[in-house]
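Text of final.cif, listed as mmCIF, C-alpha atoms:
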```cif
data_structure
#
loop_
_atom_site.label_atom_id
_atom_site.label_comp_id
_atom_site.auth_asym_id
_atom_site.auth_seq_id
_atom_site.Cartn_x
_atom_site.Cartn_y
_atom_site.Cartn_z
CA MET K 7 -7.13 -14.13 21.71
CA LYS K 8 -4.41 -13.41 19.17
CA LYS K 9 -4.03 -9.80 18.08
CA VAL K 10 -2.27 -8.25 15.10
CA ARG K 11 -1.21 -4.61 15.05
CA ILE K 12 -0.94 -2.90 11.65
CA GLY K 13 0.35 0.62 11.14
CA SER K 14 -0.52 2.96 8.29
CA GLY K 15 2.69 4.57 7.08
CA ALA K 16 1.20 6.74 4.32
CA GLY K 17 -2.18 7.76 2.99
CA TYR K 18 -1.03 9.14 -0.36
CA SER K 19 2.07 9.39 -2.53
CA GLY K 20 3.42 12.65 -1.12
CA ASP K 21 2.65 11.94 2.52
CA ARG K 22 5.06 12.68 5.37
CA ILE K 23 7.67 10.06 6.23
CA GLU K 24 8.31 10.78 9.92
CA PRO K 25 5.04 9.27 11.26
CA ALA K 26 5.85 5.93 9.62
CA VAL K 27 9.27 5.84 11.27
CA GLU K 28 7.62 6.61 14.61
CA LEU K 29 5.20 3.73 14.10
CA ALA K 30 8.01 1.32 13.30
CA ALA K 31 10.03 2.47 16.31
CA LYS K 32 7.36 2.90 18.96
CA GLY K 33 4.09 1.42 17.70
CA ASN K 34 4.62 -2.22 18.69
CA ILE K 35 3.32 -3.19 15.25
CA GLN K 36 3.87 -6.32 13.16
CA TYR K 37 3.09 -4.71 9.80
CA LEU K 38 3.66 -1.26 8.32
CA CYS K 39 1.64 -0.56 5.18
CA PHE K 40 2.21 2.38 2.82
CA GLU K 41 -0.76 3.24 0.59
CA CYS K 42 0.69 5.58 -2.04
CA LEU K 43 -1.05 4.86 -5.33
CA ALA K 44 -3.90 6.42 -7.29
CA GLU K 45 -5.00 6.48 -10.92
CA ARG K 46 -3.18 9.77 -11.47
CA THR K 47 0.03 8.63 -9.79
CA ILE K 48 0.18 5.32 -11.63
CA ALA K 49 -0.21 7.15 -14.96
CA ILE K 50 2.65 9.49 -14.02
CA ALA K 51 4.72 6.44 -13.05
CA GLN K 52 3.93 4.78 -16.38
CA GLN K 53 5.17 7.85 -18.22
CA ALA K 54 8.42 7.67 -16.23
CA LYS K 55 8.79 3.98 -17.10
CA MET K 56 8.33 4.75 -20.80
CA LYS K 57 11.37 7.03 -20.60
CA ASP K 58 13.43 4.68 -18.40
CA PRO K 59 12.62 0.95 -18.00
CA ASN K 60 14.28 1.03 -14.56
CA ALA K 61 11.93 3.79 -13.35
CA GLY K 62 8.20 3.81 -12.71
CA TYR K 63 8.03 3.18 -8.97
CA ASP K 64 6.96 5.78 -6.41
CA ALA K 65 9.19 8.84 -6.26
CA LEU K 66 9.47 8.62 -2.47
CA LEU K 67 10.05 4.86 -2.25
CA ALA K 68 13.79 5.28 -1.74
CA ALA K 69 13.40 7.99 0.90
CA ARG K 70 10.79 5.98 2.79
CA MET K 71 12.88 2.82 2.75
CA GLU K 72 16.04 4.67 3.76
CA ALA K 73 14.15 6.07 6.74
CA ALA K 74 12.19 3.00 7.84
CA LEU K 75 13.80 -0.20 6.55
CA GLU K 76 16.47 -0.59 9.22
CA ILE K 77 14.16 0.07 12.17
CA CYS K 78 11.55 -2.26 10.67
CA GLN K 79 14.03 -5.12 10.41
CA LYS K 80 15.29 -4.45 13.93
CA ASN K 81 11.76 -4.60 15.35
CA GLY K 82 10.47 -7.44 13.18
CA VAL K 83 8.04 -5.26 11.25
CA LYS K 84 7.05 -6.40 7.77
CA ILE K 85 6.44 -3.77 5.08
CA ILE K 86 3.65 -3.94 2.48
CA SER K 87 3.23 -1.16 -0.08
CA ASN K 88 1.86 -0.35 -3.52
CA MET K 89 4.84 1.97 -4.11
CA GLY K 90 5.84 -0.34 -6.97
CA ALA K 91 3.34 1.70 -9.03
CA ALA K 92 4.06 0.99 -12.72
CA ASN K 93 7.20 -1.04 -12.04
CA PRO K 94 7.04 -3.24 -8.90
CA VAL K 95 10.05 -5.31 -9.92
CA ALA K 96 12.25 -2.22 -10.25
CA GLY K 97 10.83 -1.00 -6.94
CA ALA K 98 11.80 -4.25 -5.25
CA ARG K 99 15.29 -3.98 -6.73
CA LYS K 100 15.57 -0.47 -5.29
CA VAL K 101 14.59 -1.80 -1.85
CA LYS K 102 17.31 -4.45 -2.17
CA GLU K 103 19.83 -1.78 -3.17
CA ILE K 104 18.92 0.33 -0.13
CA ALA K 105 19.10 -2.69 2.18
CA GLN K 106 22.61 -3.43 0.93
CA LYS K 107 23.62 0.21 1.36
CA LEU K 108 22.36 0.10 4.94
CA GLY K 109 24.25 -3.14 5.60
CA LEU K 110 21.05 -5.11 6.19
CA THR K 111 21.12 -8.85 5.48
CA GLY K 112 18.56 -11.64 5.43
CA LEU K 113 15.67 -9.57 4.08
CA LYS K 114 13.25 -11.31 1.73
CA ILE K 115 11.78 -8.84 -0.78
CA ALA K 116 8.83 -9.72 -3.03
CA ALA K 117 7.34 -7.95 -6.04
CA VAL K 118 3.69 -8.43 -7.04
CA THR K 119 3.03 -8.08 -10.78
CA GLY K 120 0.15 -8.77 -13.14
CA ASP K 121 -1.92 -5.62 -12.78
CA ASP K 122 -0.61 -3.94 -15.96
CA VAL K 123 -3.06 -4.89 -18.71
CA LEU K 124 -2.21 -2.21 -21.28
CA ASP K 125 -0.74 -4.71 -23.76
CA ILE K 126 -3.76 -6.98 -23.35
CA ILE K 127 -6.42 -4.35 -24.00
CA SER K 128 -4.38 -2.85 -26.84
CA GLN K 129 -4.92 -6.08 -28.80
CA HIS K 130 -8.70 -5.55 -28.86
CA ASP K 131 -11.03 -2.75 -29.86
CA TYR K 132 -13.16 -2.64 -26.75
CA THR K 133 -16.06 -0.27 -26.19
CA ILE K 134 -15.38 2.51 -23.68
CA GLU K 135 -18.13 2.21 -21.05
CA GLU K 136 -18.39 5.92 -20.29
CA THR K 137 -18.66 7.20 -23.87
CA GLY K 138 -19.72 4.24 -26.01
CA GLU K 139 -16.78 4.95 -28.35
CA LYS K 140 -14.31 2.32 -29.46
CA LEU K 141 -10.89 2.06 -27.84
CA SER K 142 -9.25 2.66 -31.20
CA THR K 143 -10.45 6.28 -31.09
CA ILE K 144 -8.08 7.06 -28.19
CA LYS K 145 -5.41 4.40 -28.69
CA ASP K 146 -2.68 6.95 -29.34
CA LYS K 147 -3.51 8.66 -26.01
CA LEU K 148 -3.46 5.59 -23.77
CA VAL K 149 -0.80 5.84 -21.05
CA SER K 150 -1.77 3.16 -18.56
CA ALA K 151 -4.35 0.44 -17.99
CA ASN K 152 -4.31 -1.50 -14.75
CA ALA K 153 -6.51 -4.14 -13.16
CA TYR K 154 -7.06 -4.03 -9.41
CA LEU K 155 -5.48 -7.14 -7.91
CA GLY K 156 -6.72 -8.53 -4.61
CA VAL K 157 -5.12 -10.06 -1.54
CA GLU K 158 -4.00 -13.42 -2.95
CA PRO K 159 -0.54 -12.52 -4.32
CA ILE K 160 0.33 -10.54 -1.17
CA VAL K 161 -0.75 -13.45 1.03
CA GLU K 162 1.37 -15.78 -1.10
CA ALA K 163 4.39 -13.52 -0.68
CA LEU K 164 3.91 -13.47 3.10
CA LYS K 165 3.53 -17.25 3.20
CA ASN K 166 6.85 -17.47 1.37
CA GLY K 167 8.49 -15.45 4.14
CA ALA K 168 8.62 -12.00 2.53
CA ASP K 169 9.69 -9.17 4.84
CA VAL K 170 8.92 -6.50 2.23
CA VAL K 171 6.14 -6.78 -0.38
CA ILE K 172 6.10 -4.22 -3.20
CA THR K 173 2.99 -4.20 -5.40
CA GLY K 174 1.58 -2.22 -8.26
CA ARG K 175 -2.17 -1.57 -8.54
CA VAL K 176 -3.95 -3.59 -5.90
CA ALA K 177 -7.22 -2.68 -4.21
CA ASP K 178 -6.20 -0.29 -1.43
CA PRO K 179 -7.68 -2.35 1.44
CA ALA K 180 -5.85 -5.46 0.18
CA LEU K 181 -2.59 -4.08 1.59
CA PHE K 182 -4.10 -4.31 5.08
CA ILE K 183 -6.33 -7.37 4.64
CA ALA K 184 -3.56 -9.67 3.35
CA PRO K 185 -1.54 -9.75 6.59
CA LEU K 186 -4.72 -10.55 8.55
CA ILE K 187 -5.56 -13.46 6.26
CA HIS K 188 -1.97 -14.64 6.61
CA GLU K 189 -1.85 -14.30 10.40
CA PHE K 190 -5.32 -15.60 11.25
CA GLY K 191 -5.79 -18.13 8.45
CA TRP K 192 -9.03 -16.49 7.37
CA SER K 193 -10.88 -17.72 4.30
CA VAL K 194 -11.56 -15.15 1.59
CA GLU K 195 -15.01 -16.73 1.35
CA ASP K 196 -15.86 -15.74 4.93
CA TYR K 197 -17.67 -12.64 3.77
CA ASN K 198 -18.41 -11.28 7.23
CA LEU K 199 -14.70 -11.26 8.07
CA MET K 200 -13.85 -9.87 4.64
CA GLY K 201 -16.41 -7.10 5.14
CA GLN K 202 -14.92 -6.18 8.51
CA ALA K 203 -11.40 -6.29 7.10
CA THR K 204 -12.40 -4.16 4.10
CA ALA K 205 -13.83 -1.50 6.41
CA LEU K 206 -10.59 -1.61 8.38
CA GLY K 207 -8.50 -1.33 5.21
CA HIS K 208 -10.45 1.67 3.97
CA LEU K 209 -9.92 3.43 7.29
CA LEU K 210 -6.20 2.73 7.48
CA GLU K 211 -5.51 3.69 3.87
CA CYS K 212 -6.48 7.26 4.78
CA GLY K 213 -3.48 7.65 7.07
CA GLY K 214 -3.60 10.74 9.25
CA GLN K 215 -7.14 11.60 8.15
CA ILE K 216 -8.46 9.02 10.62
CA THR K 217 -6.33 10.22 13.56
CA GLY K 218 -7.52 13.81 13.51
CA GLY K 219 -6.98 15.11 10.00
CA TYR K 220 -10.69 15.13 9.17
CA PHE K 221 -11.57 16.59 12.58
CA ALA K 222 -9.32 19.60 12.10
CA ASP K 223 -10.78 22.54 10.21
CA PRO K 224 -8.34 25.47 10.48
CA GLY K 225 -10.09 28.67 11.45
CA TYR K 226 -13.19 26.77 12.58
CA LYS K 227 -11.85 23.81 14.57
CA ASP K 228 -8.18 24.51 15.22
CA VAL K 229 -6.11 21.58 16.47
CA ALA K 230 -2.89 22.33 18.32
CA GLY K 231 0.24 20.56 17.06
CA LEU K 232 -1.32 19.38 13.82
CA ALA K 233 2.16 19.05 12.32
CA ARG K 234 2.74 16.22 14.80
CA LEU K 235 -0.42 14.35 13.83
CA GLY K 236 0.28 10.67 14.41
CA PHE K 237 -0.70 7.97 11.93
CA PRO K 238 -3.13 5.18 12.83
CA ILE K 239 -2.55 1.71 14.20
CA ALA K 240 -5.25 -0.95 14.00
CA GLU K 241 -5.23 -3.58 16.71
CA VAL K 242 -7.16 -6.45 15.16
CA GLN K 243 -8.53 -9.54 16.85
CA GLU K 244 -9.12 -12.92 15.27
CA ASP K 245 -12.89 -12.38 15.17
CA GLY K 246 -12.38 -9.33 12.91
CA SER K 247 -13.09 -6.72 15.57
CA PHE K 248 -10.56 -3.91 15.85
CA ILE K 249 -9.72 -0.65 17.52
CA ILE K 250 -7.92 2.29 15.94
CA THR K 251 -5.19 3.83 18.05
CA LYS K 252 -1.83 5.54 17.63
CA VAL K 253 1.49 6.11 19.33
CA PRO K 254 0.95 8.27 22.47
#
```
Conversion result in structure tokens:
Amino acid sequence: MKKVRIGSGAGYSGDRIEPAVELAAKGNIQYLCFECLAERTIAIAQQAKMKDPNAGYDALLAARMEAALEICQKNGVKIISNMGAANPVAGARKVKEIAQKLGLTGLKIAAVTGDDVLDIISQHDYTIEETGEKLSTIKDKLVSANAYLGVEPIVEALKNGADVVITGRVADPALFIAPLIHEFGWSVEDYNLMGQATALGHLLECGGQITGGYFADPGYKDVAGLARLGFPIAEVQEDGSFIITKVP
């Protein structure tokens, strides 16, 4: 039975970079996914984009790509990440710039857009669900508004041969589900498989929390060598079953 191995390279925006490089080098993975986006971080990125139209992607995107891009290409590992934040196109351009600096050729880099709906909602005076007030009452305070995209645009990018896919706001598990749909030819209407894949995605998006981070409780449950906590790999089979492992 065919298996796909996916590594989690980050569980949040400020996560460590070294475990991702280790996964790319020694994890025997086909995909390395960096989950780095939250509502707070995308708002911060939007503020940066307002000041500079070429900014707005994750602050550590360049450092992560400089560390991992070359080894990923060497080992045939595709990268999927929401580090595009408020500006996926600029993020993809930055990846291209880094690839050129590293002397890498032949990389296909895709940007996924469409999640930014600030202009759309600004044209209407919607009711705010939580308060019952009208949107016009806070219009001058709005910084960002983003819809959660699903797997489809990532799958399309992979079908078109993308080696690196940079997205903005997508549902966190989508980063990990898309390569499985692409590799196994799953239907998004097979809800049992989608349920299994969603559970997998939610586990992997937590990065090092699933490989011991939540087990450790300093002073109560001390774990030796916690600074060398490895990040998770999911080995997924075509029937949706999977095991979580990591580099020895």
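You can rank K:Ile86, K:Asn166, K:Ala68, K:Gly97 by their closest distance to Lys114 in chain K using only C-alpha atoms, and at the top of that list sits K:Asn166.
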Inset, instruction - Measuring atom to atom with all atoms listed in the file, identify which of K:Val242, K:Val171, K:Gly62, K:Glu41 is nearest to Ala98 in chain K. - result: K:Val171
Inset, instruction - Dump as a PyMOL selection string all residues having an atom at most 8 Å from (-4.5, -3.9, 16.4), computed in the file's coordinates with only C-alpha atoms. - result: chain K and resi 9-12+35+239-243+248-251
Inset, instruction - Give me, please, the distance in Å between CA of Gly90 in chain K and CA of Lys57 in chain K, quoted to one decimal. - result: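 The value is 16.5 Å.
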Legend entry - Residues in the PyMOL selection byres ((chain K and resi 64) around 7), expressed as a PyMOL selection string: chain K and resi 62-63+65-67+89-91
Inset, instruction - Identify, on the basis of all atoms listed in the file, every residue whose closest approach to His208 in chain K does not exceed 10 Å; exclude the query and any residue fewer than 5 positions from it along the same chain; express the result as a PyMOL selection string. - result: chain K and resi 177-180+182-183+203+213
Legend entry - Hits of the PyMOL selection byres ((chain K and resi 252) around 7) in this structure, as a list of chain:residue names: K:Gly236, K:Phe237, K:Pro238, K:Ile239, K:Thr251, K:Val253, K:Pro254
Legend entry - Selection dump of the PyMOL selection byres ((chain K and resi 24-34) around 7), as a ChimeraX atom specification: /K:13,15,22-23,35-36,73-74,77-78,83,236-237,253
Check which residues of range 45-124 of chain K sit at most 6 Å from range 138-158 of chain K using all atoms listed in the file, and return one row each with the closest pair of atoms and their distance in Å to one decimal, ordered by chain and rising number, as JSON lines.
```
{"residue": "K:Ala49", "atom": "CA", "partner": "K:Ser150", "partner_atom": "CA", "distance": 5.6}
{"residue": "K:Asp121", "atom": "CA", "partner": "K:Ala153", "partner_atom": "CA", "distance": 4.8}
{"residue": "K:Asp122", "atom": "CA", "partner": "K:Asn152", "partner_atom": "CA", "distance": 4.6}
{"residue": "K:Val123", "atom": "CA", "partner": "K:Asn152", "partner_atom": "CA", "distance": 5.4}
{"residue": "K:Leu124", "atom": "CA", "partner": "K:Ala151", "partner_atom": "CA", "distance": 4.7}
```
Inset, instruction - Determine, counting all atoms listed in the file, which protein, DNA and RNA residues have an atom within 8 Å of an atom of range 99-104 of chain K; residues of the same chain fewer than 4 positions away are not included. Present the result as a ChimeraX atom specification. - result: /K:68,71-72,95,108,115
Legend entry - Nearest candidate to Gly218 in chain K (options K:Leu235, K:Gly246, K:Ala205, K:Ile48; using only C-alpha atoms): K:Leu235
